[in-house]
file final_33.txt (compact mmCIF, C-alpha atoms)
# COMPACT_ATOMS: atom_id res chain seq x y z
CA MET T 1 -102.57 21.89 -19.57
CA TYR T 2 -103.68 23.21 -16.20
CA VAL T 3 -107.43 23.53 -15.79
CA LEU T 4 -109.05 25.17 -12.76
CA ILE T 5 -112.66 24.28 -12.06
CA VAL T 6 -114.74 26.30 -9.62
CA GLY T 7 -117.79 24.53 -8.26
CA GLY T 8 -117.79 20.90 -7.17
CA GLY T 9 -121.38 19.94 -7.81
CA LYS T 10 -122.40 17.32 -10.35
CA VAL T 11 -121.04 19.22 -13.33
CA GLY T 12 -117.77 20.24 -11.68
CA ASN T 13 -117.18 16.81 -10.23
CA PHE T 14 -117.79 15.01 -13.51
CA LEU T 15 -115.72 17.52 -15.44
CA ALA T 16 -112.79 17.11 -13.03
CA LYS T 17 -113.03 13.35 -13.32
CA THR T 18 -113.14 13.40 -17.13
CA LEU T 19 -110.35 15.91 -17.58
CA SER T 20 -108.03 14.28 -15.06
CA LYS T 21 -108.46 10.96 -16.88
CA GLU T 22 -107.48 12.71 -20.10
CA SER T 23 -104.22 13.65 -18.38
CA PHE T 24 -105.01 17.31 -17.82
CA ASP T 25 -103.75 18.86 -14.59
CA VAL T 26 -106.92 19.66 -12.71
CA ALA T 27 -107.68 21.72 -9.63
CA ILE T 28 -111.13 22.25 -8.20
CA VAL T 29 -112.43 24.82 -5.73
CA GLU T 30 -115.56 23.97 -3.77
CA LYS T 31 -117.29 26.07 -1.12
CA GLU T 32 -118.89 23.25 0.92
CA ASP T 33 -116.36 21.41 3.06
CA SER T 34 -118.24 18.12 2.84
CA PHE T 35 -118.37 18.28 -0.96
CA ALA T 36 -114.71 19.17 -1.18
CA GLN T 37 -113.86 16.28 1.14
CA ARG T 38 -115.76 13.83 -1.01
CA ILE T 39 -114.12 14.99 -4.23
CA ALA T 40 -110.70 14.72 -2.59
CA GLU T 41 -111.47 11.13 -1.61
CA GLU T 42 -112.85 10.20 -5.02
CA LEU T 43 -110.31 11.79 -7.31
CA ASP T 44 -106.65 11.05 -6.76
CA HIS T 45 -104.90 13.35 -9.14
CA VAL T 46 -106.99 16.44 -8.55
CA LEU T 47 -106.00 19.31 -6.28
CA VAL T 48 -109.03 20.14 -4.15
CA ILE T 49 -109.34 23.48 -2.38
CA ALA T 50 -112.17 24.02 0.08
CA GLY T 51 -113.27 27.63 -0.07
CA ASP T 52 -115.21 30.32 -1.88
CA GLY T 53 -114.06 30.57 -5.49
CA CYS T 54 -115.11 34.22 -5.56
CA ASP T 55 -112.29 34.91 -3.13
CA PRO T 56 -109.13 35.80 -5.08
CA ALA T 57 -106.94 34.29 -2.33
CA LYS T 58 -108.58 30.88 -2.79
CA LEU T 59 -108.09 31.09 -6.52
CA GLU T 60 -104.42 31.79 -5.91
CA ASP T 61 -104.21 28.77 -3.61
CA ALA T 62 -105.63 26.70 -6.42
CA GLY T 63 -102.87 27.89 -8.73
CA ILE T 64 -104.85 30.25 -10.95
CA ALA T 65 -101.64 32.04 -11.90
CA ARG T 66 -100.57 29.09 -14.04
CA ALA T 67 -104.04 28.01 -15.21
CA GLN T 68 -104.63 28.03 -18.95
CA VAL T 69 -108.33 27.44 -18.53
CA VAL T 70 -110.80 28.43 -15.82
CA VAL T 71 -114.28 26.95 -15.80
CA ALA T 72 -116.91 28.36 -13.44
CA VAL T 73 -119.68 25.81 -12.90
CA THR T 74 -121.28 26.74 -9.59
CA GLY T 75 -125.06 26.77 -9.29
CA ASP T 76 -125.14 30.56 -8.92
CA ASP T 77 -124.84 32.64 -12.04
CA GLU T 78 -123.67 35.73 -10.18
CA ASP T 79 -120.83 33.74 -8.65
CA ASN T 80 -119.86 32.32 -12.03
CA LEU T 81 -119.75 35.84 -13.44
CA ILE T 82 -117.47 37.10 -10.66
CA ILE T 83 -115.16 34.07 -10.90
CA CYS T 84 -114.79 34.50 -14.64
CA GLN T 85 -114.14 38.21 -14.42
CA LEU T 86 -111.52 37.69 -11.72
CA ALA T 87 -109.89 34.97 -13.80
CA LYS T 88 -109.92 37.02 -16.97
CA ASP T 89 -109.19 40.54 -15.80
CA THR T 90 -107.24 40.10 -12.57
CA PHE T 91 -105.30 36.94 -13.32
CA GLY T 92 -105.17 37.13 -17.12
CA VAL T 93 -106.25 33.53 -17.71
CA PRO T 94 -106.34 32.95 -21.51
CA ARG T 95 -109.49 30.82 -21.68
CA VAL T 96 -112.42 31.37 -19.35
CA ILE T 97 -115.77 29.59 -19.56
CA ALA T 98 -118.90 30.25 -17.51
CA ARG T 99 -121.80 27.94 -16.89
CA VAL T 100 -125.07 29.79 -17.11
CA ASN T 101 -127.79 28.16 -15.04
CA ASN T 102 -130.63 30.44 -15.99
CA PRO T 103 -130.76 30.93 -19.77
CA ARG T 104 -132.05 34.47 -19.18
CA ASN T 105 -128.57 35.40 -18.02
CA GLU T 106 -126.86 34.11 -21.11
CA THR T 107 -127.04 37.32 -23.11
CA THR T 108 -125.89 39.30 -20.08
CA PHE T 109 -122.75 37.18 -19.82
CA GLN T 110 -122.07 37.44 -23.51
CA LYS T 111 -122.57 41.21 -23.49
CA LEU T 112 -120.05 41.41 -20.67
CA GLY T 113 -117.60 39.51 -22.86
CA LEU T 114 -117.68 36.03 -21.36
CA ASP T 115 -117.93 32.66 -23.09
CA THR T 116 -120.87 30.72 -21.80
CA VAL T 117 -122.29 27.24 -21.76
CA SER T 118 -125.93 26.89 -20.83
CA SER T 119 -126.99 23.29 -20.57
CA THR T 120 -130.63 24.35 -20.43
CA THR T 121 -130.34 26.19 -23.75
CA ILE T 122 -128.43 23.35 -25.39
CA ILE T 123 -130.89 20.69 -24.27
CA THR T 124 -133.84 22.84 -25.29
CA LYS T 125 -132.35 23.32 -28.75
CA LEU T 126 -131.63 19.64 -29.16
CA ILE T 127 -135.12 18.62 -28.08
CA GLU T 128 -136.63 21.28 -30.29
CA GLU T 129 -134.65 19.90 -33.21
CA GLU T 130 -135.64 16.33 -32.51
CA ALA T 131 -139.23 17.33 -32.15
CA THR T 132 -139.60 19.59 -35.14
CA ILE T 133 -137.41 18.20 -37.85
CA GLY T 134 -138.52 14.95 -39.43
CA ASP T 135 -135.89 13.03 -41.30
CA ILE T 136 -133.02 15.32 -40.58
CA PHE T 137 -130.74 14.09 -37.83
CA THR T 138 -128.26 16.25 -36.07
CA LEU T 139 -124.92 14.49 -36.11
CA LEU T 140 -122.98 17.15 -34.31
CA ALA T 141 -123.87 20.48 -32.76
CA LEU T 142 -121.19 23.12 -32.99
CA LYS T 143 -120.86 26.58 -31.52
CA ARG T 144 -123.17 25.66 -28.65
CA GLY T 145 -125.99 24.56 -30.89
CA LYS T 146 -125.89 27.52 -33.28
CA LEU T 147 -124.36 25.47 -36.05
CA SER T 148 -124.88 21.82 -36.77
CA ILE T 149 -123.88 19.02 -39.06
CA VAL T 150 -127.04 17.24 -40.16
CA GLU T 151 -127.89 14.17 -42.13
CA ALA T 152 -130.95 13.93 -44.35
CA ILE T 153 -132.11 10.76 -46.07
CA LEU T 154 -133.91 11.34 -49.35
CA ASN T 155 -136.95 9.28 -50.29
CA THR T 156 -138.81 9.12 -53.60
CA LYS T 157 -141.08 11.99 -52.57
CA SER T 158 -138.22 14.35 -51.78
CA PRO T 159 -138.28 17.40 -54.07
CA ALA T 160 -134.50 17.24 -54.34
CA VAL T 161 -134.49 13.80 -55.97
CA ASP T 162 -133.35 13.73 -59.60
CA LYS T 163 -132.14 17.28 -59.37
CA THR T 164 -128.58 18.50 -59.59
CA ILE T 165 -127.12 20.41 -56.65
CA LYS T 166 -127.11 23.59 -58.71
CA GLU T 167 -130.85 23.33 -59.27
CA LEU T 168 -131.59 23.14 -55.55
CA LYS T 169 -132.64 26.25 -53.71
CA LEU T 170 -130.59 25.82 -50.56
CA PRO T 171 -130.66 28.34 -47.74
CA VAL T 172 -127.72 30.73 -47.78
CA GLN T 173 -126.33 29.60 -44.45
CA SER T 174 -125.99 25.97 -45.34
CA ILE T 175 -123.70 23.85 -47.44
CA LEU T 176 -123.89 20.25 -48.64
CA ALA T 177 -120.74 18.46 -47.53
CA THR T 178 -121.11 14.86 -48.63
CA ILE T 179 -123.51 12.42 -50.20
CA ILE T 180 -123.44 8.80 -49.11
CA ARG T 181 -124.85 6.49 -51.76
CA ASP T 182 -124.58 2.69 -51.36
CA ASN T 183 -121.79 3.19 -48.85
CA GLN T 184 -119.84 5.22 -51.39
CA ILE T 185 -118.82 8.73 -50.44
CA ILE T 186 -119.50 11.33 -53.09
CA PHE T 187 -118.24 14.88 -52.83
CA PRO T 188 -121.02 16.91 -54.38
CA LYS T 189 -120.36 19.34 -57.18
CA GLY T 190 -122.84 21.51 -59.02
CA GLU T 191 -123.55 18.80 -61.58
CA THR T 192 -124.03 15.98 -59.06
CA LYS T 193 -127.54 14.56 -59.25
CA LEU T 194 -129.33 13.49 -56.07
CA LEU T 195 -131.13 10.14 -55.97
CA ALA T 196 -133.71 8.55 -53.70
CA GLY T 197 -132.01 6.73 -50.86
CA ASP T 198 -129.10 9.17 -50.77
CA SER T 199 -127.95 10.26 -47.38
CA VAL T 200 -127.00 13.92 -47.58
CA ILE T 201 -124.70 15.38 -44.99
CA ALA T 202 -124.87 19.14 -44.66
CA LEU T 203 -123.58 21.91 -42.50
CA SER T 204 -126.26 24.38 -41.50
CA SER T 205 -126.92 27.20 -39.09
CA PHE T 206 -129.59 26.32 -36.55
CA ASP T 207 -131.98 28.98 -37.86
CA GLN T 208 -131.85 27.66 -41.39
CA GLU T 209 -132.33 24.01 -40.64
CA SER T 210 -136.02 23.99 -41.39
CA ALA T 211 -135.38 25.78 -44.70
CA LEU T 212 -132.77 23.18 -45.53
CA ARG T 213 -135.16 20.39 -44.65
CA GLU T 214 -137.77 21.93 -46.92
CA ALA T 215 -135.31 22.16 -49.80
CA LEU T 216 -134.24 18.55 -49.43
CA GLN T 217 -137.35 16.80 -48.23
CA GLY T 218 -140.22 19.15 -48.97
CA LYS T 219 -142.94 20.47 -46.70
CA GLU T 220 -144.63 18.13 -44.32
CA MET F 1 -134.12 61.64 -11.14
CA HIS F 2 -135.16 58.11 -12.03
CA ILE F 3 -133.41 55.90 -9.47
CA ILE F 4 -133.42 52.11 -9.23
CA ILE F 5 -132.54 50.49 -5.93
CA ILE F 6 -131.82 46.77 -5.81
CA GLY F 7 -132.31 45.18 -2.41
CA CYS F 8 -134.95 46.28 0.07
CA GLY F 9 -133.12 45.53 3.28
CA ARG F 10 -132.46 48.12 5.97
CA VAL F 11 -130.19 50.22 3.80
CA GLY F 12 -132.19 49.85 0.59
CA SER F 13 -135.52 50.63 2.19
CA GLN F 14 -134.19 53.67 4.00
CA LEU F 15 -132.50 54.94 0.87
CA ALA F 16 -135.73 54.47 -1.06
CA GLN F 17 -137.74 56.36 1.55
CA ILE F 18 -135.31 59.28 1.65
CA LEU F 19 -135.04 59.62 -2.11
CA SER F 20 -138.73 59.29 -2.75
CA HIS F 21 -139.46 61.82 0.00
CA GLU F 22 -137.12 64.21 -1.80
CA GLY F 23 -139.29 63.88 -4.88
CA HIS F 24 -137.22 61.42 -6.91
CA ASN F 25 -138.74 58.74 -9.03
CA VAL F 26 -137.77 55.57 -7.16
CA VAL F 27 -138.14 51.93 -8.22
CA ILE F 28 -137.06 49.32 -5.70
CA ILE F 29 -136.46 45.64 -6.52
CA ASP F 30 -136.24 42.74 -4.09
CA LYS F 31 -136.61 39.01 -4.54
CA ASN F 32 -138.71 38.74 -1.40
CA GLN F 33 -142.01 40.55 -1.48
CA LYS F 34 -142.17 40.71 2.32
CA SER F 35 -139.16 43.01 2.34
CA PHE F 36 -141.29 45.82 0.97
CA LYS F 37 -143.03 46.09 4.35
CA ARG F 38 -139.96 48.00 5.48
CA LEU F 39 -140.86 50.82 3.11
CA GLY F 40 -143.79 51.98 5.23
CA SER F 41 -146.88 53.73 3.98
CA GLU F 42 -145.31 56.99 2.89
CA PHE F 43 -143.21 55.49 0.15
CA ASN F 44 -144.77 56.47 -3.15
CA GLY F 45 -142.37 54.77 -5.54
CA ILE F 46 -142.71 51.46 -7.35
CA SER F 47 -141.70 48.12 -5.91
CA ILE F 48 -140.99 45.08 -8.09
CA THR F 49 -140.54 41.53 -6.83
CA GLY F 50 -137.82 39.66 -8.70
CA ILE F 51 -134.14 38.97 -9.15
CA GLY F 52 -132.22 42.21 -9.55
CA PHE F 53 -129.99 41.07 -12.37
CA ASP F 54 -132.79 39.59 -14.46
CA PRO F 55 -132.83 41.67 -17.66
CA ASP F 56 -136.64 41.59 -17.85
CA ILE F 57 -137.00 42.89 -14.30
CA LEU F 58 -134.50 45.66 -14.94
CA LYS F 59 -136.34 46.69 -18.09
CA ARG F 60 -139.60 46.80 -16.17
CA ALA F 61 -137.87 49.02 -13.64
CA GLY F 62 -136.99 51.37 -16.49
CA ILE F 63 -133.24 50.83 -16.55
CA GLU F 64 -133.03 52.27 -20.05
CA ARG F 65 -133.92 55.71 -18.71
CA ALA F 66 -132.43 55.40 -15.21
CA ASP F 67 -130.18 58.18 -13.96
CA ALA F 68 -128.82 56.11 -11.10
CA VAL F 69 -128.70 52.55 -9.83
CA ALA F 70 -127.83 51.54 -6.27
CA ALA F 71 -127.09 47.86 -5.66
CA VAL F 72 -127.56 47.17 -1.95
CA THR F 73 -128.64 43.54 -1.63
CA ASN F 74 -126.83 41.41 0.94
CA GLY F 75 -125.04 39.47 -1.80
CA ASP F 76 -121.80 41.04 -2.97
CA ASN F 77 -121.79 39.07 -6.19
CA SER F 78 -125.38 39.94 -7.03
CA ASN F 79 -124.58 43.60 -6.44
CA ILE F 80 -121.57 43.41 -8.72
CA MET F 81 -123.53 41.65 -11.45
CA VAL F 82 -126.39 44.17 -11.37
CA SER F 83 -123.93 47.05 -11.40
CA GLU F 84 -122.05 45.71 -14.38
CA ILE F 85 -125.28 45.26 -16.32
CA ALA F 86 -126.37 48.79 -15.45
CA LYS F 87 -123.04 50.37 -16.28
CA LYS F 88 -121.78 48.38 -19.24
CA ILE F 89 -124.96 47.30 -20.99
CA TYR F 90 -127.36 50.14 -20.21
CA ASN F 91 -124.82 52.94 -19.68
CA VAL F 92 -126.53 54.21 -16.55
CA PRO F 93 -124.59 57.38 -15.59
CA GLN F 94 -124.43 56.76 -11.84
CA VAL F 95 -124.01 53.24 -10.51
CA ILE F 96 -123.18 52.58 -6.87
CA THR F 97 -122.35 49.15 -5.49
CA ARG F 98 -122.34 48.08 -1.87
CA ILE F 99 -119.74 45.36 -1.26
CA TYR F 100 -119.15 43.84 2.17
CA ASP F 101 -115.87 42.16 1.30
CA PRO F 102 -113.23 44.94 1.31
CA LEU F 103 -110.91 42.97 -0.98
CA ARG F 104 -113.55 42.51 -3.61
CA ALA F 105 -114.56 46.15 -3.22
CA ASP F 106 -110.99 47.15 -4.06
CA ILE F 107 -110.75 44.85 -7.05
CA TYR F 108 -114.00 46.07 -8.52
CA ARG F 109 -113.12 49.69 -7.90
CA LYS F 110 -110.12 49.10 -10.12
CA PHE F 111 -112.48 47.64 -12.73
CA GLY F 112 -114.34 50.93 -12.69
CA LEU F 113 -117.26 50.29 -10.37
CA ASN F 114 -118.14 52.86 -7.77
CA THR F 115 -117.99 50.56 -4.77
CA ILE F 116 -118.74 51.30 -1.15
CA SER F 117 -117.44 48.82 1.38
CA THR F 118 -119.55 49.34 4.45
CA THR F 119 -117.36 46.90 6.36
CA THR F 120 -114.30 49.12 6.05
CA LEU F 121 -116.35 52.22 6.68
CA VAL F 122 -117.95 51.00 9.89
CA ALA F 123 -114.71 49.49 11.17
CA ARG F 124 -113.00 52.85 10.80
CA ILE F 125 -115.79 54.73 12.52
CA PHE F 126 -115.61 52.27 15.41
CA ARG F 127 -111.86 52.60 15.56
CA SER F 128 -111.96 56.33 15.81
CA ALA F 129 -114.72 56.16 18.42
CA ILE F 130 -112.78 53.64 20.52
CA LEU F 131 -109.56 55.62 20.38
CA LYS F 132 -111.47 58.84 21.12
CA GLU F 133 -109.60 60.60 18.43
CA SER F 134 -110.06 64.31 18.28
CA SER F 135 -110.90 63.85 14.63
CA LYS F 136 -113.98 61.88 13.70
CA LEU F 137 -114.32 60.11 10.43
CA LYS F 138 -117.59 61.26 8.93
CA PHE F 139 -117.42 59.56 5.60
CA SER F 140 -114.89 57.67 3.59
CA ILE F 141 -114.55 56.99 -0.07
CA GLY F 142 -112.52 53.92 -0.76
CA GLN F 143 -109.53 53.38 1.47
CA ASP F 144 -107.64 56.53 0.74
CA LEU F 145 -110.08 59.36 0.99
CA GLY F 146 -112.28 60.43 3.87
CA LEU F 147 -114.01 63.39 5.39
CA LEU F 148 -112.85 64.24 8.90
CA GLU F 149 -114.39 66.44 11.53
CA TYR F 150 -112.09 68.23 13.97
CA LYS F 151 -113.27 69.92 17.11
CA VAL F 152 -111.35 73.08 17.87
CA ARG F 153 -110.98 73.32 21.63
CA GLU F 154 -110.00 76.04 24.03
CA PRO F 155 -106.58 75.21 25.38
CA ASP F 156 -106.91 73.47 28.76
CA LYS F 157 -105.86 75.40 31.79
CA GLY F 158 -102.22 75.00 32.46
CA GLU F 159 -101.61 73.99 28.87
CA LYS F 160 -99.29 76.18 26.96
call {"tool": "encode", "arguments": {"input": "final_33.txt", "output": "structure tokens"}}
result
Amino acid sequence: MYVLIVGGGKVGNFLAKTLSKESFDVAIVEKEDSFAQRIAEELDHVLVIAGDGCDPAKLEDAGIARAQVVVAVTGDDEDNLIICQLAKDTFGVPRVIARVNNPRNETTFQKLGLDTVSSTTIITKLIEEEATIGDIFTLLALKRGKLSIVEAILNTKSPAVDKTIKELKLPVQSILATIIRDNQIIFPKGETKLLAGDSVIALSSFDQESALREALQGKE
Amino acid sequence: MHIIIIGCGRVGSQLAQILSHEGHNVVIIDKNQKSFKRLGSEFNGISITGIGFDPDILKRAGIERADAVAAVTNGDNSNIMVSEIAKKIYNVPQVITRIYDPLRADIYRKFGLNTISTTTLVARIFRSAILKESSKLKFSIGQDLGLLEYKVREPDKGEK
């Protein structure tokens, strides 16, 4: 798969390194000559183009015509927007991803039909989760933090203990996937009874996580 | 008309002064507060310091009821981004985008933005001035359409 990265800062550089190790074909466009030079020296199997990624000619030099994925990770949101629109609408690249530096621009990008990744938003959500939710751990965040797989460990005080799944009042946008009890994996059914010490793995939307926590572990 | 101008440089400030003098309701946005000095004392519109494509700033500028938006900062990409927000998210009826790079101006015209490439425009005016053409380009829209002025002269003596 041919991946074109625009922006050779920390994110772009690291992404190029990771993807090229995973045997993707990678090209990177970087505006600053000195940055481009350094990337070219560091990474052997990456095509490095020095130039402005907002310039369609540079994108062509970097082989955008055969790119399956374009990732715009410059430090300027307006540049990332232009790069993605050029990639999507002018060159018809199937998968286009924009980095959003300022979270305030995230909705703008989405309203204009672009897929975004905002590290600020993701980190904020993760920290918020860690800070607010007691014994629920996020195992995996999906859909950029909107959906997560969480693990909750039940103690004797948990309101869910000694109840069957069907008796629990779980939030609508959540589902119990697995119960781990003494290293045994149990697939919960309506009649399954929860016990203290159970580790419950659930899928939940971010908004409903606190409701899920309340249902499983009670109010603080 | 409620008009929002983004960028208070030479063009933006002059545009703001003209429009506000004509009685329009003008809001001008620039990231640098010092730029507003260019507006002079007669400007009676509103000036807002901030990034032009910040949704909060645009809302404060009244984009929801704007009749027109002119994006004239010195950054082509910022101008494009503001214009797209105005046109596609807030459905502003009249959106005009200044783009220096003629290539990008062409591309975005095809995407439906009303772009003006001052680079092309000025280059053509210079060309016609240098070549002393009898026709003078007064105004051009895109690359294909322009307004020309012709001077009708008396035939020179000896000319048939």
call {"tool": "residues_around", "arguments": {"input": "final_33.txt", "residues": "Ser20 in chain T", "least_positions_apart": "3", "cutoff": "12 Å", "atoms": "all atoms listed in the file", "output": "ChimeraX atom specification"}}
result
/T:1-5,12-17,23-28,42-47
call {"tool": "residues_around", "arguments": {"input": "final_33.txt", "residues": "Ala36 in chain T", "least_positions_apart": "6", "cutoff": "10 Å", "atoms": "only C-alpha atoms", "output": "PyMOL selection string"}}
result
chain T and resi 7-9+13+28-30+42+48-51
call {"tool": "closest_residue", "arguments": {"input": "final_33.txt", "among": "T:Leu126, T:Ile185, T:Ile39, T:Val11", "to": "Asn101 in chain T", "atoms": "all atoms listed in the file"}}
result
T:Val11
call {"tool": "closest_atom_pairs", "arguments": {"input": "final_33.txt", "of": "chain T", "to": "chain F", "cutoff": "9 Å", "atoms": "all atoms listed in the file", "output": "Markdown table"}}
result
| residue | atom | partner | partner_atom | distance |
| --- | --- | --- | --- | --- |
| T:Cys54 | CA | F:Asn77 | CA | 8.3 |
| T:Asp55 | CA | F:Arg104 | CA | 7.7 |
| T:Pro56 | CA | F:Arg104 | CA | 8.2 |
| T:Asp77 | CA | F:Ser78 | CA | 8.9 |
| T:Glu78 | CA | F:Ser78 | CA | 5.5 |
| T:Asp79 | CA | F:Asn77 | CA | 5.9 |
| T:Leu81 | CA | F:Met81 | CA | 7.2 |
| T:Ile82 | CA | F:Asn77 | CA | 6.5 |
| T:Leu86 | CA | F:Ile107 | CA | 8.6 |
| T:Asp89 | CA | F:Phe111 | CA | 8.4 |
| T:Thr90 | CA | F:Ile107 | CA | 8.1 |
| T:Arg104 | CA | F:Asp54 | CA | 7.0 |
| T:Asn105 | CA | F:Asp54 | CA | 6.9 |
| T:Thr108 | CA | F:Ile85 | CA | 7.1 |
| T:Lys111 | CA | F:Ile89 | CA | 7.0 |
| T:Leu112 | CA | F:Lys88 | CA | 7.3 |
call {"tool": "closest_residue", "arguments": {"input": "final_33.txt", "among": "F:Tyr90, F:Tyr100, F:Phe43, F:Phe36", "to": "Glu64 in chain F", "atoms": "only C-alpha atoms"}}
result
F:Tyr90
call {"tool": "residues_near_point", "arguments": {"input": "final_33.txt", "point": "(-103.2, 32.7, -12.0)", "cutoff": "12 Å", "atoms": "only C-alpha atoms", "output": "tab-separated table (two decimals) with C-alpha atoms, in the coordinates of the input"}}
result
chain	number	residue	atom	x	y	z
T	2	TYR	CA	-103.68	23.21	-16.20
T	3	VAL	CA	-107.43	23.53	-15.79
T	4	LEU	CA	-109.05	25.17	-12.76
T	56	PRO	CA	-109.13	35.80	-5.08
T	57	ALA	CA	-106.94	34.29	-2.33
T	58	LYS	CA	-108.58	30.88	-2.79
T	59	LEU	CA	-108.09	31.09	-6.52
T	60	GLU	CA	-104.42	31.79	-5.91
T	61	ASP	CA	-104.21	28.77	-3.61
T	62	ALA	CA	-105.63	26.70	-6.42
T	63	GLY	CA	-102.87	27.89	-8.73
T	64	ILE	CA	-104.85	30.25	-10.95
T	65	ALA	CA	-101.64	32.04	-11.90
T	66	ARG	CA	-100.57	29.09	-14.04
T	67	ALA	CA	-104.04	28.01	-15.21
T	68	GLN	CA	-104.63	28.03	-18.95
T	69	VAL	CA	-108.33	27.44	-18.53
T	70	VAL	CA	-110.80	28.43	-15.82
T	86	LEU	CA	-111.52	37.69	-11.72
T	87	ALA	CA	-109.89	34.97	-13.80
T	88	LYS	CA	-109.92	37.02	-16.97
T	89	ASP	CA	-109.19	40.54	-15.80
T	90	THR	CA	-107.24	40.10	-12.57
T	91	PHE	CA	-105.30	36.94	-13.32
T	92	GLY	CA	-105.17	37.13	-17.12
T	93	VAL	CA	-106.25	33.53	-17.71
T	94	PRO	CA	-106.34	32.95	-21.51
T	95	ARG	CA	-109.49	30.82	-21.68
T	96	VAL	CA	-112.42	31.37	-19.35
call {"tool": "closest_residue", "arguments": {"input": "final_33.txt", "among": "T:Ile165, T:Val200, T:Leu154, T:Leu195", "to": "Thr138 in chain T", "atoms": "only C-alpha atoms"}}
result
T:Val200
call {"tool": "build_atoms", "arguments": {"input": "final_33.txt", "residues": "range 190-195 of chain T", "atoms": "all heavy atoms", "output": "mmCIF file, in the coordinates of the input"}}
result
data_model
loop_
_atom_site.group_PDB
_atom_site.id
_atom_site.type_symbol
_atom_site.label_atom_id
_atom_site.label_comp_id
_atom_site.auth_asym_id
_atom_site.auth_seq_id
_atom_site.Cartn_x
_atom_site.Cartn_y
_atom_site.Cartn_z
ATOM 1 N N GLY T 190 -121.626 20.935 -58.463
ATOM 2 C CA GLY T 190 -122.840 21.510 -59.020
ATOM 3 C C GLY T 190 -123.627 20.563 -59.908
ATOM 4 O O GLY T 190 -124.853 20.558 -59.934
ATOM 5 N N GLU T 191 -122.899 19.690 -60.620
ATOM 6 C CA GLU T 191 -123.550 18.800 -61.580
ATOM 7 C C GLU T 191 -124.040 17.489 -60.955
ATOM 8 O O GLU T 191 -124.718 16.713 -61.608
ATOM 9 C CB GLU T 191 -122.573 18.450 -62.726
ATOM 10 C CG GLU T 191 -121.985 19.651 -63.479
ATOM 11 C CD GLU T 191 -123.072 20.488 -64.144
ATOM 12 O OE1 GLU T 191 -124.121 19.921 -64.529
ATOM 13 O OE2 GLU T 191 -122.864 21.721 -64.272
ATOM 14 N N THR T 192 -123.648 17.242 -59.699
ATOM 15 C CA THR T 192 -124.030 15.980 -59.060
ATOM 16 C C THR T 192 -125.545 15.890 -58.919
ATOM 17 O O THR T 192 -126.197 16.826 -58.475
ATOM 18 C CB THR T 192 -123.396 15.888 -57.644
ATOM 19 O OG1 THR T 192 -122.009 16.181 -57.762
ATOM 20 C CG2 THR T 192 -123.584 14.513 -57.034
ATOM 21 N N LYS T 193 -126.087 14.741 -59.335
ATOM 22 C CA LYS T 193 -127.540 14.560 -59.250
ATOM 23 C C LYS T 193 -127.895 13.754 -58.010
ATOM 24 O O LYS T 193 -127.230 12.764 -57.693
ATOM 25 C CB LYS T 193 -128.039 13.856 -60.517
ATOM 26 C CG LYS T 193 -129.547 13.890 -60.650
ATOM 27 C CD LYS T 193 -130.010 13.229 -61.947
ATOM 28 C CE LYS T 193 -130.231 14.263 -63.049
ATOM 29 N NZ LYS T 193 -130.842 13.633 -64.242
ATOM 30 N N LEU T 194 -128.918 14.201 -57.281
ATOM 31 C CA LEU T 194 -129.330 13.490 -56.070
ATOM 32 C C LEU T 194 -130.337 12.391 -56.416
ATOM 33 O O LEU T 194 -131.161 12.560 -57.312
ATOM 34 C CB LEU T 194 -129.972 14.467 -55.079
ATOM 35 C CG LEU T 194 -129.027 15.517 -54.480
ATOM 36 C CD1 LEU T 194 -129.810 16.580 -53.738
ATOM 37 C CD2 LEU T 194 -128.002 14.865 -53.561
ATOM 38 N N LEU T 195 -130.236 11.279 -55.715
ATOM 39 C CA LEU T 195 -131.130 10.140 -55.970
ATOM 40 C C LEU T 195 -131.863 9.744 -54.694
ATOM 41 O O LEU T 195 -131.392 10.033 -53.590
ATOM 42 C CB LEU T 195 -130.330 8.937 -56.488
ATOM 43 C CG LEU T 195 -129.516 9.138 -57.773
ATOM 44 C CD1 LEU T 195 -128.698 7.887 -58.073
ATOM 45 C CD2 LEU T 195 -130.422 9.479 -58.965
#
